[in-house]
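Everything below belongs to work11.txt, which stores compact mmCIF, C-alpha atoms.
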```txt
# COMPACT_ATOMS: atom_id res chain seq x y z
CA MET P 1 -23.64 -3.80 -27.31
CA ARG P 2 -19.92 -4.00 -26.74
CA ASN P 3 -19.99 -1.28 -24.10
CA LEU P 4 -22.81 -3.03 -22.36
CA THR P 5 -20.81 -6.23 -22.29
CA GLY P 6 -17.83 -4.33 -20.93
CA ALA P 7 -19.92 -3.03 -18.06
CA LEU P 8 -21.21 -6.52 -17.43
CA LEU P 9 -17.69 -7.90 -17.37
CA ALA P 10 -16.51 -5.20 -15.02
CA GLY P 11 -19.38 -6.05 -12.71
CA LEU P 12 -18.53 -9.70 -12.82
CA LEU P 13 -14.89 -9.02 -12.12
CA SER P 14 -15.52 -6.91 -9.07
CA THR P 15 -18.07 -9.19 -7.48
CA THR P 16 -16.98 -12.73 -8.24
CA PHE P 17 -13.35 -12.74 -7.27
CA VAL P 18 -11.91 -12.92 -3.85
CA SER P 19 -9.05 -10.54 -4.23
CA ALA P 20 -5.65 -12.14 -3.81
CA ASP P 21 -3.85 -9.00 -2.75
CA PRO P 22 -0.32 -9.02 -1.39
CA VAL P 23 -0.22 -9.72 2.34
CA ASP P 24 0.05 -7.02 4.94
CA ASP P 25 3.28 -8.16 6.56
CA LYS P 26 6.68 -6.79 7.53
CA LEU P 27 9.96 -8.41 6.60
CA VAL P 28 12.24 -8.24 9.63
CA LEU P 29 15.54 -9.95 9.10
CA ASN P 30 17.10 -11.86 12.00
CA GLU P 31 14.86 -9.90 14.36
CA GLU P 32 16.88 -6.76 13.75
CA THR P 33 16.74 -5.26 10.27
CA THR P 34 13.40 -4.16 8.79
CA LEU P 35 13.48 -4.34 5.01
CA VAL P 36 11.40 -2.11 2.76
CA THR P 37 9.04 -4.42 0.88
CA ARG P 38 6.60 -1.77 -0.31
CA THR P 39 7.21 1.87 -1.01
CA ALA P 40 6.13 4.75 -3.22
CA ALA P 41 6.88 4.01 -6.87
CA PRO P 42 9.81 5.88 -8.42
CA ALA P 43 8.91 9.00 -10.42
CA HIS P 44 9.38 7.34 -13.81
CA LEU P 45 6.41 5.06 -13.01
CA SER P 46 3.99 7.88 -12.26
CA GLY P 47 0.60 7.20 -13.80
CA VAL P 48 1.47 3.51 -14.02
CA LEU P 49 2.02 2.31 -10.46
CA ASP P 50 1.57 4.10 -7.13
CA GLU P 51 3.44 1.58 -5.07
CA VAL P 52 6.17 -0.91 -5.76
CA MET P 53 6.20 -4.20 -3.87
CA SER P 54 8.65 -6.96 -3.29
CA GLY P 55 7.78 -10.45 -4.54
CA TRP P 56 8.10 -11.52 -0.89
CA LEU P 57 4.64 -10.07 -0.17
CA PHE P 58 3.07 -12.41 -2.70
CA ARG P 59 4.43 -15.65 -1.31
CA GLY P 60 2.83 -17.97 1.25
CA THR P 61 3.33 -17.76 5.00
CA GLU P 62 5.95 -20.52 5.25
CA THR P 63 7.95 -19.27 2.30
CA ARG P 64 7.97 -15.77 3.75
CA ALA P 65 9.04 -17.04 7.15
CA MET P 66 12.05 -18.88 5.70
CA GLN P 67 13.47 -15.58 4.53
CA THR P 68 13.29 -13.85 7.91
CA ASP P 69 16.07 -15.87 9.52
CA ASP P 70 19.44 -16.62 7.99
CA PHE P 71 19.47 -20.07 9.58
CA ASP P 72 16.20 -20.94 7.84
CA ASN P 73 17.07 -19.36 4.50
CA PRO P 74 18.52 -22.10 2.27
CA GLY P 75 20.03 -19.38 0.07
CA MET P 76 22.52 -18.54 2.83
CA ILE P 77 24.36 -21.84 2.27
CA PHE P 78 25.24 -20.50 -1.16
CA VAL P 79 26.38 -17.22 0.33
CA ASP P 80 28.92 -19.24 2.36
CA LYS P 81 30.09 -20.89 -0.83
CA GLY P 82 30.39 -17.46 -2.42
CA GLU P 83 32.51 -16.36 0.53
CA ASP P 84 34.83 -19.33 -0.02
CA SER P 85 35.38 -18.38 -3.62
CA TRP P 86 35.79 -14.72 -2.65
CA ASN P 87 38.87 -15.77 -0.72
CA ALA P 88 40.16 -18.40 -3.16
CA VAL P 89 43.23 -17.60 -5.25
CA GLU P 90 42.62 -18.43 -8.90
CA GLY P 91 44.07 -17.61 -12.30
CA THR P 92 47.46 -16.65 -13.68
CA GLU P 93 47.82 -13.54 -11.49
CA GLY P 94 47.69 -15.52 -8.25
CA LYS P 95 44.95 -13.37 -6.78
CA SER P 96 41.62 -13.76 -5.06
CA CYS P 97 38.81 -11.22 -5.04
CA ALA P 98 39.88 -10.39 -1.50
CA SER P 99 43.42 -9.53 -2.65
CA CYS P 100 42.12 -6.35 -4.26
CA HIS P 101 38.76 -5.74 -2.64
CA GLY P 102 39.37 -6.71 1.00
CA GLY P 103 36.51 -8.29 2.91
CA SER P 104 33.30 -9.13 1.09
CA GLU P 105 31.43 -6.82 3.49
CA ASP P 106 33.40 -3.94 1.94
CA MET P 107 31.28 -4.50 -1.16
CA ALA P 108 28.17 -3.24 0.67
CA GLY P 109 26.48 -0.67 -1.54
CA VAL P 110 27.57 -2.22 -4.84
CA ARG P 111 24.55 -4.45 -5.55
CA PRO P 112 21.92 -1.67 -5.23
CA VAL P 113 23.40 0.39 -8.09
CA TYR P 114 23.80 -2.40 -10.65
CA PRO P 115 23.36 -2.57 -13.62
CA LYS P 116 25.52 0.51 -14.00
CA PHE P 117 27.62 2.27 -16.60
CA ASN P 118 31.32 1.45 -16.70
CA GLU P 119 33.16 4.50 -17.99
CA ALA P 120 36.36 2.75 -19.06
CA ALA P 121 34.56 0.06 -21.02
CA GLY P 122 31.82 2.41 -22.24
CA GLU P 123 29.10 -0.14 -21.50
CA VAL P 124 26.26 -0.90 -19.11
CA ARG P 125 27.37 -3.75 -16.87
CA THR P 126 25.38 -6.15 -14.78
CA LEU P 127 26.99 -7.48 -11.62
CA GLU P 128 27.68 -10.75 -13.43
CA MET P 129 29.49 -8.93 -16.25
CA GLN P 130 31.62 -7.03 -13.73
CA VAL P 131 32.54 -10.18 -11.80
CA ASN P 132 33.53 -11.94 -15.00
CA ASP P 133 35.53 -8.93 -16.12
CA CYS P 134 37.49 -9.03 -12.84
CA ARG P 135 38.06 -12.74 -13.25
CA GLU P 136 39.34 -12.39 -16.79
CA THR P 137 41.28 -9.13 -16.78
CA GLN P 138 42.28 -8.80 -13.11
CA MET P 139 42.85 -12.42 -12.12
CA GLY P 140 43.64 -14.15 -15.40
CA ALA P 141 40.96 -16.72 -14.57
CA ASP P 142 38.24 -18.27 -16.72
CA LYS P 143 34.87 -16.59 -16.94
CA TRP P 144 32.05 -18.21 -15.04
CA LYS P 145 28.91 -19.33 -16.84
CA TYR P 146 26.52 -16.38 -16.67
CA THR P 147 23.71 -18.26 -14.90
CA GLY P 148 25.90 -21.01 -13.41
CA GLY P 149 26.27 -22.01 -9.77
CA SER P 150 29.60 -20.29 -9.04
CA MET P 151 28.29 -17.01 -10.42
CA ALA P 152 25.02 -17.27 -8.50
CA ASN P 153 26.95 -17.99 -5.28
CA MET P 154 29.01 -14.85 -5.84
CA THR P 155 26.02 -12.63 -6.67
CA ALA P 156 24.28 -14.03 -3.58
CA LEU P 157 27.27 -13.00 -1.48
CA LEU P 158 27.36 -9.55 -3.06
CA ALA P 159 23.61 -9.10 -2.52
CA SER P 160 23.70 -10.37 1.06
CA VAL P 161 26.18 -7.71 2.19
CA SER P 162 23.83 -5.03 0.82
CA ARG P 163 20.63 -6.37 2.33
CA GLY P 164 18.40 -3.58 3.57
CA MET P 165 19.95 -0.95 1.31
CA PRO P 166 17.57 0.60 -1.22
CA VAL P 167 17.85 -0.35 -4.88
CA ASN P 168 19.05 2.78 -6.63
CA VAL P 169 20.02 2.32 -10.26
CA ALA P 170 20.62 5.34 -12.48
CA ILE P 171 18.31 5.66 -15.46
CA ASP P 172 19.64 8.75 -17.20
CA GLY P 173 22.93 10.01 -18.61
CA PRO P 174 24.96 7.35 -20.39
CA VAL P 175 22.51 4.55 -19.53
CA GLN P 176 19.42 6.27 -20.86
CA SER P 177 19.33 4.60 -24.28
CA THR P 178 19.80 1.19 -22.67
CA TRP P 179 17.01 1.98 -20.21
CA ASP P 180 14.74 3.02 -23.10
CA GLU P 181 15.46 -0.27 -24.85
CA GLY P 182 14.67 -2.18 -21.66
CA LYS P 183 11.39 -0.36 -21.29
CA GLU P 184 10.41 -1.22 -24.82
CA LEU P 185 11.17 -4.90 -24.16
CA TYR P 186 9.10 -4.76 -20.96
CA TYR P 187 6.01 -3.71 -22.88
CA ALA P 188 6.58 -5.90 -25.96
CA ARG P 189 4.00 -8.67 -26.31
CA THR P 190 6.08 -11.66 -27.27
CA GLY P 191 5.46 -15.17 -28.47
CA GLN P 192 2.41 -17.03 -29.62
CA LEU P 193 0.59 -16.03 -26.42
CA GLU P 194 1.42 -12.35 -27.08
CA LEU P 195 2.03 -11.44 -23.47
CA SER P 196 4.38 -8.75 -22.19
CA CYS P 197 6.01 -8.48 -18.80
CA ALA P 198 3.56 -5.64 -18.12
CA ASN P 199 0.51 -7.75 -18.98
CA CYS P 200 1.30 -10.08 -16.10
CA HIS P 201 3.38 -8.05 -13.64
CA GLU P 202 1.92 -4.55 -14.03
CA GLU P 203 -1.72 -5.13 -15.00
CA ASN P 204 -2.30 -8.31 -13.04
CA PHE P 205 -0.10 -8.42 -9.96
CA GLY P 206 -2.16 -9.73 -7.07
CA ASN P 207 -4.17 -11.97 -9.41
CA MET P 208 -3.84 -15.70 -9.80
CA ILE P 209 -2.68 -17.15 -13.11
CA ARG P 210 -3.59 -20.80 -12.76
CA ALA P 211 -1.79 -21.79 -9.51
CA ASP P 212 0.57 -18.82 -9.37
CA HIS P 213 0.03 -15.62 -7.43
CA LEU P 214 1.40 -12.89 -9.68
CA SER P 215 3.82 -10.40 -8.14
CA GLN P 216 5.21 -7.25 -9.72
CA GLY P 217 8.17 -9.25 -11.05
CA GLN P 218 10.70 -7.20 -9.10
CA ILE P 219 14.36 -8.22 -8.96
CA ASN P 220 15.38 -6.76 -5.58
CA GLY P 221 15.36 -10.30 -4.16
CA PHE P 222 17.82 -11.85 -6.60
CA PRO P 223 19.35 -14.28 -6.73
CA THR P 224 16.31 -16.16 -5.46
CA TYR P 225 16.39 -19.55 -3.81
CA ARG P 226 13.41 -21.35 -5.31
CA LEU P 227 11.73 -24.21 -3.48
CA LYS P 228 10.70 -25.47 -6.91
CA ASN P 229 14.23 -26.25 -8.12
CA THR P 230 16.07 -26.01 -4.77
CA LYS P 231 18.84 -23.78 -6.05
CA LEU P 232 19.71 -20.15 -6.62
CA ASN P 233 18.13 -18.59 -9.69
CA SER P 234 19.69 -15.62 -11.41
CA VAL P 235 17.84 -12.66 -12.89
CA HIS P 236 18.41 -13.62 -16.51
CA ALA P 237 17.41 -17.24 -15.90
CA ARG P 238 14.10 -15.95 -14.50
CA PHE P 239 13.63 -13.58 -17.44
CA LYS P 240 14.30 -16.46 -19.81
CA GLY P 241 11.68 -18.62 -18.09
CA CYS P 242 9.06 -15.89 -18.23
CA VAL P 243 9.69 -15.16 -21.93
CA ARG P 244 9.65 -18.88 -22.74
CA ASP P 245 6.26 -19.14 -21.05
CA THR P 246 4.79 -16.77 -23.63
CA ARG P 247 5.72 -19.41 -26.24
CA ALA P 248 8.41 -17.10 -27.57
CA GLU P 249 11.95 -17.48 -28.75
CA THR P 250 13.83 -16.22 -25.69
CA TYR P 251 16.87 -13.99 -25.48
CA LYS P 252 20.08 -15.42 -24.11
CA PRO P 253 21.25 -14.81 -20.54
CA GLY P 254 23.90 -12.10 -20.73
CA SER P 255 22.56 -10.77 -24.06
CA SER P 256 22.35 -7.02 -24.60
CA GLU P 257 18.55 -7.34 -24.59
CA PHE P 258 18.44 -8.94 -21.14
CA VAL P 259 21.02 -6.45 -19.81
CA ALA P 260 18.73 -3.62 -20.95
CA LEU P 261 15.66 -5.35 -19.55
CA GLU P 262 17.45 -5.90 -16.23
CA LEU P 263 18.33 -2.23 -15.96
CA TYR P 264 14.74 -1.25 -16.63
CA VAL P 265 13.21 -3.83 -14.27
CA ALA P 266 15.73 -2.91 -11.54
CA SER P 267 14.69 0.74 -11.91
CA ARG P 268 11.05 -0.21 -11.33
CA GLY P 269 12.20 -1.40 -7.91
CA ASN P 270 14.20 1.69 -6.97
CA GLY P 271 13.45 2.25 -3.29
CA LEU P 272 12.84 -1.39 -2.36
CA SER P 273 15.43 -3.06 -0.14
CA VAL P 274 17.98 -5.45 -1.58
CA GLU P 275 16.81 -8.85 -0.30
CA GLY P 276 19.03 -11.38 -2.01
CA PRO P 277 19.24 -14.24 -1.59
CA SER P 278 15.47 -14.32 -1.13
CA VAL P 279 13.21 -17.36 -0.89
CA ARG P 280 10.50 -17.94 -3.47
CA ASN P 281 8.43 -20.90 -4.61
CA MET U 1 -20.56 -57.65 -52.20
CA ARG U 2 -16.92 -56.66 -52.00
CA ILE U 3 -17.30 -54.32 -54.89
CA LEU U 4 -20.26 -52.74 -53.16
CA GLY U 5 -18.20 -52.39 -49.98
CA ILE U 6 -15.46 -50.54 -51.81
CA ALA U 7 -17.97 -48.29 -53.50
CA VAL U 8 -19.43 -47.39 -50.10
CA VAL U 9 -15.99 -46.68 -48.71
CA VAL U 10 -15.14 -44.46 -51.66
CA THR U 11 -18.36 -42.46 -51.37
CA GLY U 12 -17.77 -42.22 -47.65
CA LEU U 13 -14.30 -40.75 -48.23
CA THR U 14 -15.52 -38.20 -50.73
CA ALA U 15 -18.26 -37.14 -48.36
CA LEU U 16 -15.65 -36.79 -45.59
CA THR U 17 -13.34 -34.63 -47.65
CA VAL U 18 -16.20 -32.35 -48.56
CA TYR U 19 -17.14 -31.86 -44.91
CA ALA U 20 -13.55 -31.76 -43.66
CA GLU U 21 -12.86 -28.65 -45.75
CA GLU U 22 -11.39 -26.63 -42.89
CA THR U 23 -11.11 -22.88 -42.91
CA ALA U 24 -7.40 -22.09 -42.63
CA PRO U 25 -6.35 -19.81 -39.72
CA THR U 26 -5.46 -17.12 -42.25
CA ALA U 27 -8.86 -17.34 -44.00
CA VAL U 28 -11.24 -16.90 -41.05
CA SER U 29 -13.77 -14.16 -41.71
CA PHE U 30 -14.81 -11.96 -38.76
CA THR U 31 -17.93 -9.79 -38.51
CA ASP U 32 -17.90 -7.50 -35.47
CA GLY U 33 -15.57 -9.95 -33.76
CA ALA U 34 -17.81 -12.94 -34.48
CA VAL U 35 -17.28 -15.86 -36.88
CA VAL U 36 -20.58 -17.00 -38.31
CA GLN U 37 -19.41 -19.99 -40.28
CA SER U 38 -18.22 -23.18 -38.60
CA LEU U 39 -14.51 -23.71 -39.14
CA THR U 40 -15.05 -27.35 -40.10
CA GLY U 41 -18.71 -27.95 -40.91
CA VAL U 42 -18.65 -30.71 -38.27
CA SER U 43 -20.56 -29.80 -35.14
CA GLY U 44 -18.48 -29.47 -32.01
CA ASP U 45 -18.42 -32.01 -29.18
CA PRO U 46 -19.01 -30.30 -25.80
CA VAL U 47 -17.47 -33.20 -23.87
CA LYS U 48 -14.20 -32.87 -25.76
CA GLY U 49 -14.52 -29.10 -25.46
CA ARG U 50 -14.72 -29.33 -21.69
CA GLU U 51 -11.52 -31.37 -21.63
CA ILE U 52 -9.70 -28.87 -23.89
CA VAL U 53 -10.75 -25.91 -21.73
CA GLY U 54 -9.48 -27.55 -18.54
CA SER U 55 -6.30 -29.15 -19.88
CA LYS U 56 -2.99 -27.41 -19.32
CA LYS U 57 -1.67 -29.05 -22.50
CA MET U 58 -4.55 -27.86 -24.71
CA GLY U 59 -6.67 -24.74 -24.15
CA ASN U 60 -5.52 -24.06 -20.59
CA CYS U 61 -8.35 -21.55 -20.45
CA ILE U 62 -8.65 -21.91 -16.69
CA ALA U 63 -5.16 -20.47 -16.32
CA CYS U 64 -7.01 -17.16 -16.71
CA HIS U 65 -10.71 -17.99 -16.18
CA GLU U 66 -12.76 -19.49 -13.41
CA ILE U 67 -15.52 -21.93 -14.43
CA THR U 68 -17.76 -23.50 -11.80
CA ASP U 69 -18.53 -26.46 -14.04
CA LEU U 70 -14.81 -27.34 -14.03
CA ALA U 71 -14.45 -27.18 -10.25
CA ASP U 72 -13.00 -30.73 -10.35
CA VAL U 73 -9.90 -29.37 -12.13
CA PRO U 74 -7.67 -27.54 -9.61
CA PHE U 75 -6.42 -23.93 -9.86
CA HIS U 76 -8.49 -21.46 -11.82
CA GLY U 77 -6.96 -18.09 -12.62
CA GLU U 78 -8.49 -14.64 -12.39
CA ILE U 79 -6.95 -12.75 -15.29
CA GLY U 80 -10.14 -12.89 -17.35
CA PRO U 81 -13.82 -12.88 -16.31
CA MET U 82 -15.56 -15.94 -14.91
CA LEU U 83 -17.02 -17.94 -17.79
CA ASP U 84 -20.18 -19.13 -16.03
CA GLY U 85 -23.08 -18.04 -18.19
CA ALA U 86 -20.90 -17.39 -21.27
CA GLY U 87 -23.44 -19.35 -23.32
CA ASP U 88 -26.13 -16.84 -22.30
CA ARG U 89 -24.02 -13.77 -22.88
CA TRP U 90 -22.71 -14.70 -26.31
CA THR U 91 -24.07 -16.33 -29.45
CA GLU U 92 -22.28 -19.31 -30.95
CA ALA U 93 -20.81 -17.07 -33.68
CA GLU U 94 -19.50 -14.63 -31.08
CA LEU U 95 -17.97 -17.41 -29.03
CA ARG U 96 -16.30 -18.79 -32.17
CA GLY U 97 -14.87 -15.34 -32.83
CA ILE U 98 -13.65 -14.90 -29.24
CA VAL U 99 -11.97 -18.29 -29.10
CA SER U 100 -10.44 -18.03 -32.59
CA ASN U 101 -9.05 -14.55 -32.10
CA ALA U 102 -10.25 -12.63 -29.05
CA LYS U 103 -8.44 -9.52 -30.25
CA MET U 104 -11.13 -9.06 -32.91
CA MET U 105 -13.80 -8.75 -30.19
CA PHE U 106 -11.77 -7.11 -27.42
CA GLU U 107 -9.14 -4.68 -28.60
CA ASP U 108 -5.64 -5.49 -27.28
CA SER U 109 -7.07 -8.34 -25.24
CA LEU U 110 -4.76 -10.29 -22.98
CA MET U 111 -6.48 -13.41 -24.22
CA PRO U 112 -4.31 -15.36 -26.69
CA SER U 113 -5.54 -15.92 -30.25
CA PHE U 114 -6.17 -19.64 -30.41
CA TYR U 115 -6.70 -19.92 -34.15
CA ARG U 116 -4.15 -17.61 -35.70
CA THR U 117 -0.71 -18.29 -37.18
CA ASP U 118 0.72 -14.94 -38.28
CA GLY U 119 1.77 -11.59 -36.90
CA PHE U 120 3.67 -12.74 -33.79
CA LEU U 121 6.75 -11.16 -32.24
CA ARG U 122 9.50 -13.78 -31.75
CA PRO U 123 7.21 -16.80 -32.06
CA GLY U 124 8.69 -19.83 -30.35
CA ASN U 125 8.51 -23.56 -30.75
CA ALA U 126 5.92 -24.24 -28.02
CA TYR U 127 7.52 -23.87 -24.57
CA THR U 128 11.09 -24.70 -25.58
CA GLY U 129 12.28 -21.10 -25.79
CA LYS U 130 13.63 -21.89 -29.26
CA ALA U 131 12.48 -20.19 -32.46
CA ALA U 132 9.39 -21.49 -34.20
CA ASP U 133 10.08 -23.91 -37.04
CA ASP U 134 7.91 -25.27 -39.82
CA THR U 135 5.84 -27.29 -37.34
CA PHE U 136 4.33 -23.99 -36.12
CA GLY U 137 0.54 -24.17 -36.06
CA PRO U 138 -2.39 -22.52 -34.26
CA LEU U 139 -2.78 -23.12 -30.49
CA LEU U 140 -5.89 -25.20 -31.17
CA GLY U 141 -6.99 -27.06 -34.30
CA ALA U 142 -10.16 -26.09 -36.18
CA GLN U 143 -12.23 -28.94 -34.75
CA GLN U 144 -10.92 -28.21 -31.26
CA ILE U 145 -12.17 -24.64 -31.61
CA GLU U 146 -15.60 -26.01 -32.57
CA ASP U 147 -15.53 -28.36 -29.55
CA VAL U 148 -14.67 -25.48 -27.20
CA VAL U 149 -17.44 -23.33 -28.69
CA ALA U 150 -19.91 -26.19 -28.22
CA TYR U 151 -18.85 -26.50 -24.58
CA LEU U 152 -19.03 -22.75 -23.89
CA SER U 153 -22.55 -22.72 -25.36
CA THR U 154 -23.60 -25.15 -22.59
CA LEU U 155 -22.49 -22.68 -19.87
CA LYS U 156 -25.87 -21.15 -19.03
CA ASP U 157 -26.93 -19.53 -15.79
```
What do you get writing this file as structure tokens?
Amino acid sequence: MRNLTGALLAGLLSTTFVSADPVDDKLVLNEETTLVTRTAAPAHLSGVLDEVMSGWLFRGTETRAMQTDDFDNPGMIFVDKGEDSWNAVEGTEGKSCASCHGGSEDMAGVRPVYPKFNEAAGEVRTLEMQVNDCRETQMGADKWKYTGGSMANMTALLASVSRGMPVNVAIDGPVQSTWDEGKELYYARTGQLELSCANCHEENFGNMIRADHLSQGQINGFPTYRLKNTKLNSVHARFKGCVRDTRAETYKPGSSEFVALELYVASRGNGLSVEGPSVRN
Amino acid sequence: MRILGIAVVVTGLTALTVYAEETAPTAVSFTDGAVVQSLTGVSGDPVKGREIVGSKKMGNCIACHEITDLADVPFHGEIGPMLDGAGDRWTEAELRGIVSNAKMMFEDSLMPSFYRTDGFLRPGNAYTGKAADDTFGPLLGAQQIEDVVAYLSTLKD
């Protein structure tokens, strides 16, 4: 009886729904750089996903178009703000980021490998953690709020100079236990709705959940400029929103749990181009 | 006359309490995923059930299911099967089981358990992101479950 019903359901599923697959489209930036928005899944996802896809492919035509031209991408205004603070002297040491690091474009290649292990500190660091560490210990300046505007402007700048480079976070060696923890969190069914990241973003990408077209929940496009709240949204703020929507007690932005989850989610996008700041709805 | 009135009211109340003996979320008894006994003893109202199924604030069933009868409510999801004809496919007891705790009928189902209060990982206080407190209750009340079951039973091909 139950098997019969299963067959019936499967039949219903395949015939009734118009499939809402990702679009077949290419993301060409400023008419010159082609970004990789779909590619073979990294080896650690074998048996789970064949292909990984950017969230860009799941957005509507207008939203996608906004991201193809820097003059139309509202996120680029925040990149300019990030550039201002890159050059601004702050803190007791009288230094700016530029004093030690040179031009922001010299940071190309940094975003794609974060989160990464910091040998000296013996910890896995997100880009936000590294920026705050430089502010505190190198500049003698106050830390920025983890998901605040100044931090998002800076991560947008750091992402923008790496656009087009493939995400390439390490998952073994000293980060392996953190990666394992992140993976466990990804598959944990949280909250009163008992839904995991995988339930929505692995098993149901391409499907509609009420009015939303589910993507794979990749983070290669972060920070994202969202039309919904007209500002930049950081990775951990997005994680928090998704966990909250399962009617769960969320983790805090910057917490060890979200750092681990970020490493794991980033690794699911290894091979996709860095897109930040991207445009989403 | 007044005395009579009071007597009627009192009998009325006793009768109500007898019928309003709800089965607690922790005391629901499942047989092969179905729940034979009504959770309240009061028959469900399909009109209210329809509202609960379509409302984002209540059942929000259409977040995952498409239902032709609810075409007036925008945005139906496609995570679960279309519910047209659910009243033909399932008995009332089966529908009560599915809506109360779908995981008893479909192993590891993505469908939330609407009448369950225990066994959650990091349960929150609704959509606040904060931890659950002592106001924590099932997603739908016992009578709401009955209303939804009554509505689903009307979905015939």
Set the distance at 12 Å and use all atoms listed in the file: which residues neighbour P:Ala121 once local chain neighbours fewer than 6 positions away are removed? I'd like the list as a short mmCIF file (atom, residue, chain, number, x, y, z; two decimals) with C-alpha atoms, in the frame of the given file.
```cif
data_model
loop_
_atom_site.label_atom_id
_atom_site.label_comp_id
_atom_site.auth_asym_id
_atom_site.auth_seq_id
_atom_site.Cartn_x
_atom_site.Cartn_y
_atom_site.Cartn_z
CA MET P 129 29.49 -8.93 -16.25
CA GLN P 130 31.62 -7.03 -13.73
CA ASP P 133 35.53 -8.93 -16.12
#
```
Practice item. Would you give me, as a PyMOL selection string, the residues of chain P that come within 6 Å of chain U, using only C-alpha atoms? Key: chain P and resi 13+190-193+207-211+244+247-250
Point to revise | Nearest to P:Val28 by atom-to-atom distance, counting all atoms listed in the file, from P:Gly276, P:Pro253, P:Gly164, P:Gly91 | key: P:Gly164
Exercise for review: Pick out the residues sitting within 10 Å of U:Asp69, and hand them over as a PyMOL selection string; count all atoms listed in the file, and ignore anything fewer than 4 positions along from it in its own chain.
Suggested key: chain U and resi 50+73+83-84+155
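Of the residues listed (P:Asn204, P:Asn30, P:Gln218, P:Asn153), P:Asn30 shows the shortest atom-to-atom separation from P:Asp70; distances use only C-alpha atoms.
Checking P:Leu185, P:Phe78, P:Ala65, P:Ala88 one by one against P:Glu31, counting all atoms listed in the file, you find the shortest gap at P:Ala65.
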Check your understanding: Taking into account only C-alpha atoms, which residue in the set P:Gly109, P:Ala266, P:Asn168, P:Ser96 is nearest to P:Cys134?
Key -> P:Ser96
**Study point:** Selection near U:Ser43, 12 Å with only C-alpha atoms, sequence-local residues under 3 positions removed, as a list of chain:residue names
**Key:** U:Tyr19, U:Ala20, U:Gln37, U:Ser38, U:Leu39, U:Thr40, U:Pro46, U:Lys48, U:Gly49, U:Glu92, U:Ala142, U:Gln143, U:Gln144, U:Ile145, U:Glu146, U:Asp147, U:Val148, U:Val149, U:Ala150, U:Tyr151
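Note that the spacing between atom CA of U:Lys103 and atom CA of U:Val28 amounts to 13.4 Å.
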Review point. Residues at most 9 Å from P:Gly149, counting only C-alpha atoms, excluding those fewer than 3 positions away in the same chain, as an NGL selection string?
Key: :P and (78 or 144-146 or 152-154 or 231-233)
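As for atom CA of P:Gly148 and atom CA of P:Gly82, they are spaced 12.4 Å apart.
If all atoms listed in the file are the atoms counted, then among P:Thr61, P:Ser273, P:Asn199, P:Thr224 the closest residue to P:Thr34 is P:Ser273.
Among P:Gly47, P:Gly173, P:Gly122, P:Gly241, the residue with the shortest atom-to-atom distance to P:Cys197, counting all atoms listed in the file, is P:Gly241.
Atom pair atom CA of P:Val235 / atom CA of P:Pro42: separated by 20.7 Å.
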Point to revise | Exercise: P:Asn281 partners within 10 Å, all atoms listed in the file, chain neighbours under 4 positions left out, as a ChimeraX atom specification | key: /P:59-60,63-64,212,224-230
Could you give me, as an mmCIF file with C-alpha atoms, keeping the file's coordinate frame, the residues that sit within 10 Å of (-17.4, -13.8, -25.2) in the file's coordinates, counting all atoms listed in the file?
```cif
data_model
loop_
_atom_site.group_PDB
_atom_site.id
_atom_site.type_symbol
_atom_site.label_atom_id
_atom_site.label_comp_id
_atom_site.auth_asym_id
_atom_site.auth_seq_id
_atom_site.Cartn_x
_atom_site.Cartn_y
_atom_site.Cartn_z
ATOM 1 C CA THR P 5 -20.810 -6.230 -22.290
ATOM 2 C CA LEU P 9 -17.690 -7.900 -17.370
ATOM 3 C CA GLY U 33 -15.570 -9.950 -33.760
ATOM 4 C CA ALA U 34 -17.810 -12.940 -34.480
ATOM 5 C CA PRO U 81 -13.820 -12.880 -16.310
ATOM 6 C CA LEU U 83 -17.020 -17.940 -17.790
ATOM 7 C CA GLY U 85 -23.080 -18.040 -18.190
ATOM 8 C CA ALA U 86 -20.900 -17.390 -21.270
ATOM 9 C CA GLY U 87 -23.440 -19.350 -23.320
ATOM 10 C CA ASP U 88 -26.130 -16.840 -22.300
ATOM 11 C CA ARG U 89 -24.020 -13.770 -22.880
ATOM 12 C CA TRP U 90 -22.710 -14.700 -26.310
ATOM 13 C CA THR U 91 -24.070 -16.330 -29.450
ATOM 14 C CA GLU U 92 -22.280 -19.310 -30.950
ATOM 15 C CA ALA U 93 -20.810 -17.070 -33.680
ATOM 16 C CA GLU U 94 -19.500 -14.630 -31.080
ATOM 17 C CA LEU U 95 -17.970 -17.410 -29.030
ATOM 18 C CA ARG U 96 -16.300 -18.790 -32.170
ATOM 19 C CA GLY U 97 -14.870 -15.340 -32.830
ATOM 20 C CA ILE U 98 -13.650 -14.900 -29.240
ATOM 21 C CA VAL U 99 -11.970 -18.290 -29.100
ATOM 22 C CA ALA U 102 -10.250 -12.630 -29.050
ATOM 23 C CA MET U 105 -13.800 -8.750 -30.190
ATOM 24 C CA PHE U 106 -11.770 -7.110 -27.420
ATOM 25 C CA LEU U 152 -19.030 -22.750 -23.890
#
```
